[in-house]
>>> print(open('my_file.cif').read())   # mmCIF, C-alpha atoms
data_coords
loop_
_atom_site.label_atom_id
_atom_site.label_comp_id
_atom_site.auth_asym_id
_atom_site.auth_seq_id
_atom_site.Cartn_x
_atom_site.Cartn_y
_atom_site.Cartn_z
CA MET A 1 -27.91 22.10 -4.18
CA ILE A 2 -26.17 18.94 -2.95
CA THR A 3 -22.37 18.87 -3.33
CA LEU A 4 -20.64 15.56 -4.13
CA PHE A 5 -16.94 15.35 -3.33
CA GLY A 6 -14.99 12.85 -5.46
CA ASN A 7 -13.41 12.03 -8.80
CA LEU A 8 -14.78 10.13 -11.78
CA LEU A 9 -12.14 7.38 -11.67
CA SER A 10 -13.59 6.21 -8.35
CA GLY A 11 -16.27 3.55 -8.62
CA ASN A 12 -17.41 4.47 -5.12
CA VAL A 13 -18.07 8.02 -6.29
CA HIS A 14 -19.86 6.64 -9.32
CA LYS A 15 -22.34 4.79 -7.11
CA VAL A 16 -23.44 8.13 -5.68
CA GLN A 17 -23.82 9.60 -9.17
CA MET A 18 -25.97 6.56 -10.04
CA ILE A 19 -28.40 7.00 -7.15
CA LEU A 20 -28.62 10.81 -7.50
CA ARG A 21 -29.37 10.48 -11.22
CA ARG A 22 -31.91 7.75 -10.48
CA ARG A 23 -33.65 10.12 -8.08
CA GLY A 24 -33.29 13.07 -10.45
CA ILE A 25 -31.50 15.09 -7.77
CA PRO A 26 -29.22 17.75 -9.31
CA PHE A 27 -25.77 18.09 -7.75
CA ARG A 28 -22.49 19.86 -8.19
CA ARG A 29 -19.23 17.98 -7.88
CA VAL A 30 -15.92 18.97 -6.33
CA ASP A 31 -13.13 16.99 -7.97
CA ILE A 32 -11.16 15.40 -5.10
CA SER A 33 -8.38 13.20 -6.45
CA GLN A 34 -6.87 10.27 -4.56
CA MET A 35 -3.88 10.35 -6.91
CA ARG A 36 -3.10 13.89 -5.77
CA GLY A 37 -3.62 12.89 -2.11
CA GLU A 38 -6.48 15.35 -1.72
CA PRO A 39 -8.74 13.24 0.55
CA ARG A 40 -6.15 13.55 3.36
CA ARG A 41 -5.57 17.31 2.98
CA PRO A 42 -6.65 19.34 6.05
CA GLU A 43 -9.29 21.28 4.10
CA PHE A 44 -11.01 18.06 3.08
CA LEU A 45 -10.60 16.37 6.48
CA LYS A 46 -12.80 19.14 7.87
CA VAL A 47 -15.49 17.97 5.43
CA ASN A 48 -15.00 14.22 6.03
CA PRO A 49 -12.74 13.33 8.97
CA ILE A 50 -12.63 9.72 7.67
CA GLY A 51 -10.47 11.14 4.85
CA LYS A 52 -12.15 9.36 1.95
CA VAL A 53 -14.31 10.10 -1.06
CA PRO A 54 -17.16 10.08 -1.83
CA ALA A 55 -18.75 12.47 0.64
CA VAL A 56 -21.86 14.58 0.15
CA LEU A 57 -22.69 17.95 1.62
CA LEU A 58 -26.45 17.87 1.99
CA ALA A 59 -28.58 20.92 1.38
CA ASP A 60 -28.95 21.43 5.18
CA GLY A 61 -25.16 21.69 5.62
CA ASP A 62 -24.77 18.17 7.03
CA ILE A 63 -22.08 15.79 5.72
CA LEU A 64 -22.60 12.12 4.86
CA SER A 65 -19.87 9.74 3.67
CA GLU A 66 -19.42 6.08 2.75
CA SER A 67 -20.95 5.15 -0.59
CA GLY A 68 -23.11 2.41 0.93
CA ALA A 69 -24.64 4.82 3.45
CA MET A 70 -25.38 7.28 0.63
CA LEU A 71 -27.01 4.61 -1.55
CA PHE A 72 -29.26 3.81 1.44
CA TYR A 73 -30.01 7.47 2.22
CA PHE A 74 -31.06 8.32 -1.32
CA ALA A 75 -32.94 5.07 -1.99
CA PRO A 76 -36.44 6.09 -0.79
CA GLY A 77 -38.80 6.46 -3.72
CA THR A 78 -36.66 4.45 -6.12
CA GLY A 79 -37.85 0.93 -5.25
CA LEU A 80 -34.18 -0.03 -4.81
CA TRP A 81 -34.61 -0.76 -1.05
CA PRO A 82 -37.02 -3.62 -0.34
CA GLU A 83 -39.72 -3.40 2.29
CA ASP A 84 -39.28 -6.48 4.45
CA LEU A 85 -36.54 -6.95 7.02
CA ARG A 86 -35.13 -10.19 5.63
CA SER A 87 -34.78 -8.74 2.11
CA GLN A 88 -33.24 -5.55 3.52
CA ALA A 89 -30.66 -7.63 5.42
CA GLU A 90 -29.88 -9.52 2.22
CA VAL A 91 -29.25 -6.24 0.39
CA LEU A 92 -26.88 -5.14 3.16
CA ARG A 93 -25.18 -8.55 3.06
CA TRP A 94 -24.12 -7.97 -0.55
CA MET A 95 -23.21 -4.34 0.10
CA PHE A 96 -20.86 -5.40 2.92
CA PHE A 97 -19.48 -8.16 0.66
CA GLU A 98 -18.76 -5.45 -1.90
CA GLN A 99 -16.93 -3.16 0.51
CA TYR A 100 -14.98 -5.95 2.22
CA SER A 101 -14.24 -8.53 -0.50
CA HIS A 102 -14.97 -7.01 -3.92
CA GLU A 103 -13.92 -3.34 -3.94
CA PRO A 104 -10.62 -3.76 -2.01
CA THR A 105 -9.47 -6.33 -4.56
CA LEU A 106 -10.95 -5.16 -7.89
CA ALA A 107 -10.55 -1.42 -7.32
CA VAL A 108 -6.98 -1.74 -6.08
CA LEU A 109 -5.99 -4.09 -8.93
CA ARG A 110 -7.50 -1.63 -11.40
CA TYR A 111 -5.53 1.22 -9.90
CA LEU A 112 -2.25 -0.70 -9.80
CA LYS A 113 -2.57 -2.16 -13.32
CA ARG A 114 -4.17 0.76 -15.13
CA TYR A 115 -3.17 3.95 -13.36
CA ALA A 116 -0.01 3.36 -11.30
CA GLU A 117 3.13 4.73 -12.97
CA ASP A 118 5.07 1.49 -12.69
CA PRO A 119 2.91 -1.61 -12.03
CA GLN A 120 6.09 -3.71 -11.70
CA LEU A 121 6.72 -2.05 -8.34
CA TYR A 122 3.50 -3.62 -7.07
CA ALA A 123 4.04 -7.16 -8.38
CA ASP A 124 3.85 -8.72 -4.88
CA GLN A 125 0.66 -6.88 -3.99
CA ILE A 126 -0.90 -7.80 -7.34
CA ARG A 127 -0.03 -11.47 -6.75
CA VAL A 128 -1.83 -11.42 -3.38
CA LEU A 129 -4.89 -9.57 -4.71
CA GLU A 130 -5.53 -11.52 -7.92
CA PRO A 131 -6.93 -14.72 -6.36
CA LYS A 132 -9.07 -12.61 -4.02
CA GLY A 133 -10.52 -10.64 -6.93
CA LEU A 134 -11.16 -13.88 -8.78
CA HIS A 135 -12.96 -15.29 -5.75
CA ALA A 136 -15.17 -12.17 -5.52
CA LEU A 137 -16.18 -12.46 -9.19
CA ARG A 138 -16.82 -16.20 -8.83
CA VAL A 139 -19.08 -15.55 -5.84
CA MET A 140 -21.08 -13.09 -7.98
CA GLU A 141 -21.15 -15.51 -10.94
CA THR A 142 -22.49 -18.35 -8.77
CA ARG A 143 -25.14 -16.06 -7.34
CA LEU A 144 -26.22 -14.43 -10.61
CA ALA A 145 -26.40 -17.75 -12.44
CA SER A 146 -29.62 -18.41 -10.53
CA THR A 147 -31.12 -14.97 -9.91
CA ASP A 148 -31.48 -11.74 -11.91
CA TRP A 149 -30.47 -9.46 -9.03
CA ILE A 150 -27.69 -9.95 -6.51
CA ALA A 151 -29.92 -9.76 -3.43
CA GLY A 152 -32.13 -12.48 -4.91
CA GLY A 153 -35.48 -10.72 -5.13
CA LYS A 154 -37.50 -9.74 -8.18
CA HIS A 155 -36.15 -6.20 -8.37
CA CYS A 156 -32.90 -4.31 -8.73
CA THR A 157 -31.63 -2.98 -5.39
CA ILE A 158 -28.92 -0.67 -4.13
CA ALA A 159 -26.75 -3.81 -3.74
CA ASP A 160 -26.71 -4.10 -7.55
CA TYR A 161 -25.76 -0.42 -7.76
CA ALA A 162 -22.97 -0.99 -5.21
CA LEU A 163 -21.50 -3.91 -7.16
CA TYR A 164 -21.89 -2.39 -10.61
CA PRO A 165 -18.93 0.01 -11.11
CA TYR A 166 -15.98 -2.23 -10.24
CA THR A 167 -17.57 -5.20 -11.99
CA ARG A 168 -18.08 -3.09 -15.12
CA THR A 169 -14.37 -2.14 -15.03
CA ALA A 170 -13.14 -5.67 -14.15
CA LYS A 171 -11.21 -5.86 -17.43
CA GLU A 172 -9.01 -2.98 -16.23
CA SER A 173 -8.42 -5.02 -13.05
CA GLY A 174 -7.11 -7.85 -15.25
CA PHE A 175 -10.16 -10.12 -15.46
CA ASP A 176 -11.96 -11.34 -18.57
CA LEU A 177 -15.72 -11.06 -18.10
CA GLY A 178 -16.03 -13.78 -20.75
CA ASP A 179 -15.07 -16.20 -17.96
CA PHE A 180 -18.20 -15.20 -16.03
CA PRO A 181 -21.20 -15.66 -18.33
CA ALA A 182 -23.80 -14.49 -15.80
CA LEU A 183 -22.14 -11.12 -15.25
CA ASP A 184 -22.55 -9.42 -18.62
CA PRO A 185 -26.35 -9.90 -18.75
CA TRP A 186 -26.56 -8.61 -15.16
CA LEU A 187 -24.48 -5.52 -16.03
CA LYS A 188 -26.87 -4.86 -18.92
CA ARG A 189 -29.88 -5.21 -16.60
CA VAL A 190 -28.38 -2.57 -14.30
CA GLU A 191 -27.64 -0.36 -17.33
CA ALA A 192 -31.31 -0.57 -18.36
CA GLN A 193 -32.41 1.00 -15.04
CA PRO A 194 -34.02 4.47 -15.22
CA GLY A 195 -31.56 7.36 -15.03
CA PHE A 196 -28.54 5.09 -15.57
CA ILE A 197 -25.23 6.89 -16.04
CA PRO A 198 -22.13 5.09 -17.39
CA VAL A 199 -18.81 5.06 -15.50
CA LEU A 200 -16.45 7.98 -16.13
CA VAL A 201 -19.33 10.25 -17.22
CA ASP A 202 -19.80 13.40 -15.15
CA GLY A 203 -23.44 13.70 -14.07
CA ALA A 204 -23.00 16.99 -12.21
CA GLU A 205 -24.63 20.29 -13.11
CA GLU A 206 -21.33 22.00 -12.34
CA THR A 207 -17.82 20.74 -11.51
CA LEU A 208 -15.25 22.59 -9.40
CA SER A 209 -11.59 21.84 -8.76
CA PHE A 210 -10.25 21.31 -5.24
CA ALA A 211 -8.63 24.77 -5.34
CA ASP A 212 -11.74 26.49 -6.70
CA TYR A 213 -13.94 25.06 -3.99
CA PHE A 214 -11.69 25.37 -0.97
CA CYS A 215 -10.34 28.82 -1.85
CA ALA A 216 -13.87 30.10 -2.29
CA ASN A 217 -15.08 28.43 0.94
CA VAL A 218 -12.22 29.20 3.38
CA MET B 1 -32.55 -22.93 17.21
CA ILE B 2 -30.34 -20.53 15.27
CA THR B 3 -26.87 -21.83 14.33
CA LEU B 4 -23.93 -19.42 14.28
CA PHE B 5 -20.88 -20.47 12.25
CA GLY B 6 -17.59 -18.98 13.44
CA ASN B 7 -14.79 -18.99 15.99
CA LEU B 8 -14.32 -16.92 19.12
CA LEU B 9 -11.07 -15.26 17.96
CA SER B 10 -13.05 -13.45 15.24
CA GLY B 11 -14.36 -10.04 16.25
CA ASN B 12 -16.85 -10.27 13.39
CA VAL B 13 -18.29 -13.43 14.92
CA HIS B 14 -18.34 -11.71 18.30
CA LYS B 15 -20.59 -8.95 16.95
CA VAL B 16 -23.22 -11.60 16.19
CA GLN B 17 -22.89 -13.04 19.70
CA MET B 18 -23.40 -9.50 21.06
CA ILE B 19 -26.64 -8.88 19.18
CA LEU B 20 -28.06 -12.37 19.82
CA ARG B 21 -27.35 -12.03 23.55
CA ARG B 22 -28.85 -8.54 23.55
CA ARG B 23 -32.00 -9.99 22.03
CA GLY B 24 -31.94 -13.01 24.32
CA ILE B 25 -31.99 -15.36 21.33
CA PRO B 26 -30.43 -18.75 22.18
CA PHE B 27 -28.06 -20.19 19.58
CA ARG B 28 -25.70 -23.02 18.96
CA ARG B 29 -22.29 -22.41 17.49
CA VAL B 30 -20.28 -24.42 14.95
CA ASP B 31 -16.59 -23.67 15.44
CA ILE B 32 -15.28 -22.69 11.97
CA SER B 33 -11.61 -21.73 12.16
CA GLN B 34 -9.90 -19.39 9.70
CA MET B 35 -6.54 -20.68 10.90
CA ARG B 36 -7.51 -24.18 9.78
CA GLY B 37 -8.83 -22.82 6.47
CA GLU B 38 -12.33 -24.10 7.21
CA PRO B 39 -14.32 -21.17 5.70
CA ARG B 40 -13.11 -22.21 2.22
CA ARG B 41 -13.81 -25.94 2.62
CA PRO B 42 -16.51 -27.25 0.25
CA GLU B 43 -18.83 -28.25 3.09
CA PHE B 44 -18.84 -24.70 4.41
CA LEU B 45 -19.04 -23.06 0.98
CA LYS B 46 -22.40 -24.79 0.60
CA VAL B 47 -23.51 -22.89 3.72
CA ASN B 48 -21.98 -19.52 2.74
CA PRO B 49 -20.67 -19.28 -0.84
CA ILE B 50 -18.86 -16.05 0.12
CA GLY B 51 -16.52 -18.31 2.13
CA LYS B 52 -16.38 -16.26 5.31
CA VAL B 53 -17.51 -16.37 8.90
CA PRO B 54 -19.73 -15.39 10.58
CA ALA B 55 -22.80 -16.90 8.95
CA VAL B 56 -26.09 -17.80 10.60
CA LEU B 57 -28.49 -20.56 9.71
CA LEU B 58 -31.87 -19.12 10.63
CA ALA B 59 -34.62 -21.27 12.11
CA ASP B 60 -36.40 -21.35 8.70
CA GLY B 61 -33.33 -22.90 7.02
CA ASP B 62 -32.22 -19.67 5.36
CA ILE B 63 -28.58 -18.48 5.54
CA LEU B 64 -27.46 -14.93 6.28
CA SER B 65 -23.85 -13.76 6.31
CA GLU B 66 -21.82 -10.56 6.78
CA SER B 67 -21.70 -9.37 10.39
CA GLY B 68 -23.14 -5.94 9.51
CA ALA B 69 -26.18 -7.50 7.81
CA MET B 70 -26.73 -9.71 10.88
CA LEU B 71 -26.49 -6.78 13.30
CA PHE B 72 -29.16 -5.06 11.20
CA TYR B 73 -31.37 -8.15 10.95
CA PHE B 74 -31.40 -8.80 14.69
CA ALA B 75 -31.65 -5.13 15.75
CA PRO B 76 -35.48 -4.78 15.87
CA GLY B 77 -36.69 -4.48 19.46
CA THR B 78 -33.28 -3.50 20.85
CA GLY B 79 -33.37 0.25 20.21
CA LEU B 80 -29.99 -0.12 18.49
CA TRP B 81 -31.38 0.95 15.07
CA PRO B 82 -32.73 4.52 15.03
CA GLU B 83 -36.07 5.42 13.48
CA ASP B 84 -35.31 8.28 11.11
CA LEU B 85 -33.61 7.91 7.73
CA ARG B 86 -30.75 10.36 8.35
CA SER B 87 -29.78 8.65 11.63
CA GLN B 88 -30.04 5.22 10.00
CA ALA B 89 -27.70 6.38 7.20
CA GLU B 90 -25.26 7.66 9.83
CA VAL B 91 -25.26 4.25 11.54
CA LEU B 92 -24.52 2.58 8.20
CA ARG B 93 -21.79 5.16 7.52
CA TRP B 94 -19.86 4.01 10.58
CA MET B 95 -20.56 0.34 9.88
CA PHE B 96 -19.09 0.67 6.38
CA PHE B 97 -16.15 2.62 7.84
CA GLU B 98 -15.62 -0.33 10.19
CA GLN B 99 -15.65 -2.95 7.45
CA TYR B 100 -13.53 -0.94 5.02
CA SER B 101 -11.05 1.03 7.15
CA HIS B 102 -11.07 -0.35 10.70
CA GLU B 103 -11.44 -4.14 10.61
CA PRO B 104 -9.08 -4.80 7.64
CA THR B 105 -6.29 -2.98 9.48
CA LEU B 106 -6.87 -3.75 13.19
CA ALA B 107 -8.04 -7.34 12.76
CA VAL B 108 -5.23 -8.24 10.36
CA LEU B 109 -2.57 -6.57 12.55
CA ARG B 110 -3.93 -8.49 15.54
CA TYR B 111 -3.74 -11.75 13.65
CA LEU B 112 -0.21 -11.12 12.33
CA LYS B 113 1.21 -9.89 15.64
CA ARG B 114 -0.61 -12.13 18.09
CA TYR B 115 -1.48 -15.34 16.28
CA ALA B 116 0.79 -15.81 13.24
CA GLU B 117 3.59 -18.32 13.83
CA ASP B 118 6.36 -15.96 12.70
CA PRO B 119 5.34 -12.25 12.60
CA GLN B 120 8.74 -11.42 11.09
CA LEU B 121 7.57 -12.97 7.82
CA TYR B 122 4.90 -10.27 7.62
CA ALA B 123 7.07 -7.24 8.44
CA ASP B 124 6.27 -5.49 5.14
CA GLN B 125 2.54 -6.02 5.48
CA ILE B 126 2.63 -4.82 9.09
CA ARG B 127 4.50 -1.67 8.03
CA VAL B 128 1.78 -0.86 5.48
CA LEU B 129 -1.10 -1.58 7.87
CA GLU B 130 0.12 0.25 10.98
CA PRO B 131 -0.50 3.85 9.78
CA LYS B 132 -3.90 2.78 8.44
CA GLY B 133 -4.87 1.27 11.80
CA LEU B 134 -3.66 4.40 13.55
CA HIS B 135 -5.77 6.55 11.22
CA ALA B 136 -8.87 4.45 11.95
CA LEU B 137 -8.40 4.84 15.71
CA ARG B 138 -7.78 8.57 15.36
CA VAL B 139 -10.99 8.95 13.35
CA MET B 140 -12.88 7.22 16.20
CA GLU B 141 -11.08 9.32 18.84
CA THR B 142 -11.98 12.59 17.07
CA ARG B 143 -15.58 11.50 16.77
CA LEU B 144 -16.00 10.13 20.32
CA ALA B 145 -14.35 13.19 21.88
CA SER B 146 -17.58 15.06 21.12
CA THR B 147 -20.32 12.40 21.28
CA ASP B 148 -21.10 9.40 23.49
CA TRP B 149 -21.99 7.09 20.60
CA ILE B 150 -20.26 6.73 17.26
CA ALA B 151 -23.31 7.55 15.12
CA GLY B 152 -23.75 10.76 17.09
CA GLY B 153 -27.22 10.29 18.55
CA LYS B 154 -28.30 9.91 22.16
CA HIS B 155 -28.31 6.12 22.10
CA CYS B 156 -26.04 3.18 21.47
CA THR B 157 -26.54 1.70 17.99
CA ILE B 158 -25.41 -1.34 16.03
CA ALA B 159 -22.54 0.85 14.73
CA ASP B 160 -21.12 0.86 18.28
CA TYR B 161 -21.52 -2.92 18.38
CA ALA B 162 -19.74 -3.20 15.00
CA LEU B 163 -16.76 -1.13 16.15
CA TYR B 164 -16.48 -2.64 19.62
CA PRO B 165 -14.59 -5.96 19.23
CA TYR B 166 -11.51 -4.86 17.28
CA THR B 167 -11.26 -1.62 19.28
CA ARG B 168 -11.38 -3.61 22.52
CA THR B 169 -8.52 -5.82 21.25
CA ALA B 170 -6.49 -2.89 19.77
CA LYS B 171 -3.63 -3.61 22.19
CA GLU B 172 -3.15 -7.00 20.49
CA SER B 173 -2.98 -5.10 17.18
CA GLY B 174 -0.09 -3.09 18.63
CA PHE B 175 -1.88 0.11 19.71
CA ASP B 176 -1.97 1.69 23.18
CA LEU B 177 -5.50 2.80 24.02
CA GLY B 178 -3.90 5.27 26.45
CA ASP B 179 -3.17 7.36 23.35
CA PHE B 180 -6.91 7.65 22.64
CA PRO B 181 -8.57 9.02 25.80
CA ALA B 182 -12.11 9.01 24.38
CA LEU B 183 -12.05 5.30 23.50
CA ASP B 184 -11.86 3.64 26.91
CA PRO B 185 -14.97 5.44 28.28
CA TRP B 186 -16.81 4.54 25.08
CA LEU B 187 -15.80 0.86 25.37
CA LYS B 188 -17.14 0.92 28.96
CA ARG B 189 -20.42 2.44 27.77
CA VAL B 190 -20.83 -0.40 25.28
CA GLU B 191 -19.94 -2.92 28.00
CA ALA B 192 -22.72 -1.48 30.19
CA GLN B 193 -25.34 -2.35 27.55
CA PRO B 194 -27.92 -5.03 28.49
CA GLY B 195 -26.85 -8.59 27.68
CA PHE B 196 -23.24 -7.57 27.03
CA ILE B 197 -20.85 -10.46 26.45
CA PRO B 198 -17.03 -9.96 26.55
CA VAL B 199 -14.77 -10.98 23.66
CA LEU B 200 -13.54 -14.60 23.64
CA VAL B 201 -16.49 -15.75 25.78
CA ASP B 202 -18.71 -18.41 24.19
CA GLY B 203 -22.36 -17.33 24.43
CA ALA B 204 -23.76 -20.43 22.74
CA GLU B 205 -26.04 -23.00 24.35
CA GLU B 206 -24.05 -25.71 22.62
CA THR B 207 -20.82 -25.73 20.58
CA LEU B 208 -19.94 -28.22 17.85
CA SER B 209 -16.69 -28.79 15.97
CA PHE B 210 -16.54 -28.55 12.17
CA ALA B 211 -16.33 -32.36 11.93
CA ASP B 212 -19.17 -32.95 14.37
CA TYR B 213 -21.50 -30.66 12.49
CA PHE B 214 -20.67 -31.55 8.90
CA CYS B 215 -20.41 -35.31 9.46
CA ALA B 216 -23.80 -35.27 11.18
CA ASN B 217 -25.36 -33.10 8.43
CA VAL B 218 -23.95 -34.70 5.26
#
>>> encode(input="my_file.cif", output="structure tokens")
Amino acid sequence: MITLFGNLLSGNVHKVQMILRRRGIPFRRVDISQMRGEPRRPEFLKVNPIGKVPAVLLADGDILSESGAMLFYFAPGTGLWPEDLRSQAEVLRWMFFEQYSHEPTLAVLRYLKRYAEDPQLYADQIRVLEPKGLHALRVMETRLASTDWIAGGKHCTIADYALYPYTRTAKESGFDLGDFPALDPWLKRVEAQPGFIPVLVDGAEETLSFADYFCANV
Amino acid sequence: MITLFGNLLSGNVHKVQMILRRRGIPFRRVDISQMRGEPRRPEFLKVNPIGKVPAVLLADGDILSESGAMLFYFAPGTGLWPEDLRSQAEVLRWMFFEQYSHEPTLAVLRYLKRYAEDPQLYADQIRVLEPKGLHALRVMETRLASTDWIAGGKHCTIADYALYPYTRTAKESGFDLGDFPALDPWLKRVEAQPGFIPVLVDGAEETLSFADYFCANV
């Protein structure tokens, strides 16, 4: 069975749950927590030298990481990856936008405002990130005001999956989705996709702790 | 003719020059400067609502942005995009690593240390970014110590093109490539690729200023 490394608070990990559930691929999950610093522990760096979650251990013993690469790898058969080159490039365009402009603002704001022990300590960082997060949501709003799916075609793609989690949790990042009228209907369209799994829900057949997994596998 | 929007100081823009030169596709360039704030000017936002360079105006009047999406779009015929799904996912893995972990540290450090008017103003930001930049280079070093190309196959891919510019300029970001013995031979392998163009060199047939282009096209 495939093993997914990562915790449920991570929207990047959630993307992998979304595509595995869409495909109907069963997986077990090893709970690797950023808050406990586990992605940079030596045991995990042997799994993913990049030192980040999510990562997947494929059934053949090979490791793949980066949520965008995993969405791509598991897309065949789902219809979430278009067939022509120009449409494929457009999907990647929005996936790179997500990893460069959307996730680093919305995910970090969510962490600092919702999960950090003392958000006041991060007031300067929050002040820098807020206009960037606002810009990212405005870019999505402008786009989705004229098209059902972010990559512009007639069908949901892995770019919609990539942008879903941290848009769904934008309120925790300090944004009011009421200010972006095109986003809520789009979120609901993604949620109506086959095999959809909501954020924070564990889709794994079995879940192990860091200690359980690495003690048993050393 | 294709129009490339962006300035020569940007490694992301350089990636697009690299792939267009590799393909032998002639292009003109409109010089859009981040330092002058031009990517967020209304004229440019009509071209790329994401508000970033590079962007390309294709011959059919369509716009594509995000350097990674452009590397993918122009890869056919170059051999820089492998044929099997697992290898393709591995290429994307390293391209997402570049946009999430490599470029936001190395490119920003380079800007703050080399081009900002008073780097002292950014001492705190530099202190946060330096260990992250070091980590990104160490990840590359570990990988390239055991394989000629970053995605691990027998051939150069667009992932090598994506990682080239800001690794080549790592000294300007404050890192000594002498500390990473696998990186210099890898940089030279990329530089030996057909149609290679060095950083800061203008590969365009014709170059227009922001004013020239947008006054003529309004």
>>> resolve_selection(input="my_file.cif", expression="the PyMOL selection byres ((chain B and resi 130-145) around 7)", output="list in words")
Pro49 and Ile50 of chain A; Ser101, His102, Thr105, Leu106, Ile126, Arg127, Val128, Leu129, Ser146, Thr147, Asp148, Trp149, Ile150, Phe180, Ala182 and Leu183 of chain B
>>> residues_around(input="my_file.cif", residues="Gly174 in chain B", least_positions_apart="4", cutoff="8 Å", atoms="only C-alpha atoms", output="PyMOL selection string")
chain B and resi 109-110+113+170
>>> resolve_selection(input="my_file.cif", expression="the PyMOL selection byres ((chain A) within 9 of (chain B))", output="count of residues only")
35
>>> residues_around(input="my_file.cif", residues="Ile2 in chain B", least_positions_apart="4", cutoff="9 Å", atoms="all atoms listed in the file", output="list in words")
Ile25, Pro26, Phe27, Arg28, Arg29, Val56, Leu57, Leu58, Ala59 and Asp60 of chain B
>>> atom_distance(input="my_file.cif", atom1="CA of Ala151 in chain A", atom2="CA of Arg189 in chain A")
13.9 Å
>>> atom_distance(input="my_file.cif", atom1="CA of Phe196 in chain B", atom2="CA of Arg21 in chain B")
7.0 Å
>>> atom_distance(input="my_file.cif", atom1="CA of Leu208 in chain B", atom2="CA of Leu20 in chain B")
17.9 Å
>>> closest_residue(input="my_file.cif", among="B:Asp179, B:Pro185, B:Val190, B:Glu38", to="Ile158 in chain B", atoms="only C-alpha atoms")
B:Val190
>>> build_atoms(input="my_file.cif", residues="range 52-66 of chain A", atoms="N, CA and C atoms", output="short mmCIF file (atom, residue, chain, number, x, y, z; two decimals), keeping the file's coordinate frame")
data_model
loop_
_atom_site.label_atom_id
_atom_site.label_comp_id
_atom_site.auth_asym_id
_atom_site.auth_seq_id
_atom_site.Cartn_x
_atom_site.Cartn_y
_atom_site.Cartn_z
N LYS A 52 -11.88 10.13 3.16
CA LYS A 52 -12.15 9.36 1.95
C LYS A 52 -13.22 10.04 1.11
N VAL A 53 -13.18 9.75 -0.20
CA VAL A 53 -14.31 10.10 -1.06
C VAL A 53 -15.03 8.80 -1.40
N PRO A 54 -16.33 8.90 -1.73
CA PRO A 54 -17.16 10.08 -1.83
C PRO A 54 -17.64 10.60 -0.47
N ALA A 55 -18.00 11.88 -0.47
CA ALA A 55 -18.75 12.47 0.64
C ALA A 55 -19.76 13.41 0.00
N VAL A 56 -20.89 13.60 0.66
CA VAL A 56 -21.86 14.58 0.15
C VAL A 56 -22.16 15.61 1.22
N LEU A 57 -22.23 16.86 0.77
CA LEU A 57 -22.69 17.95 1.62
C LEU A 57 -24.16 18.14 1.29
N LEU A 58 -25.02 17.79 2.25
CA LEU A 58 -26.45 17.87 1.99
C LEU A 58 -26.90 19.33 2.01
N ALA A 59 -28.09 19.55 1.49
CA ALA A 59 -28.58 20.92 1.38
C ALA A 59 -28.68 21.62 2.74
N ASP A 60 -28.85 20.83 3.84
CA ASP A 60 -28.95 21.43 5.18
C ASP A 60 -27.58 21.66 5.83
N GLY A 61 -26.49 21.44 5.08
CA GLY A 61 -25.16 21.69 5.62
C GLY A 61 -24.54 20.50 6.32
N ASP A 62 -25.25 19.38 6.38
CA ASP A 62 -24.77 18.17 7.03
C ASP A 62 -23.95 17.34 6.04
N ILE A 63 -22.94 16.62 6.56
CA ILE A 63 -22.08 15.79 5.72
C ILE A 63 -22.42 14.31 5.89
N LEU A 64 -22.46 13.58 4.79
CA LEU A 64 -22.60 12.12 4.86
C LEU A 64 -21.50 11.52 4.00
N SER A 65 -20.90 10.43 4.48
CA SER A 65 -19.87 9.74 3.67
C SER A 65 -20.12 8.25 3.71
N GLU A 66 -19.31 7.51 2.99
CA GLU A 66 -19.42 6.08 2.75
C GLU A 66 -20.49 5.82 1.68
#
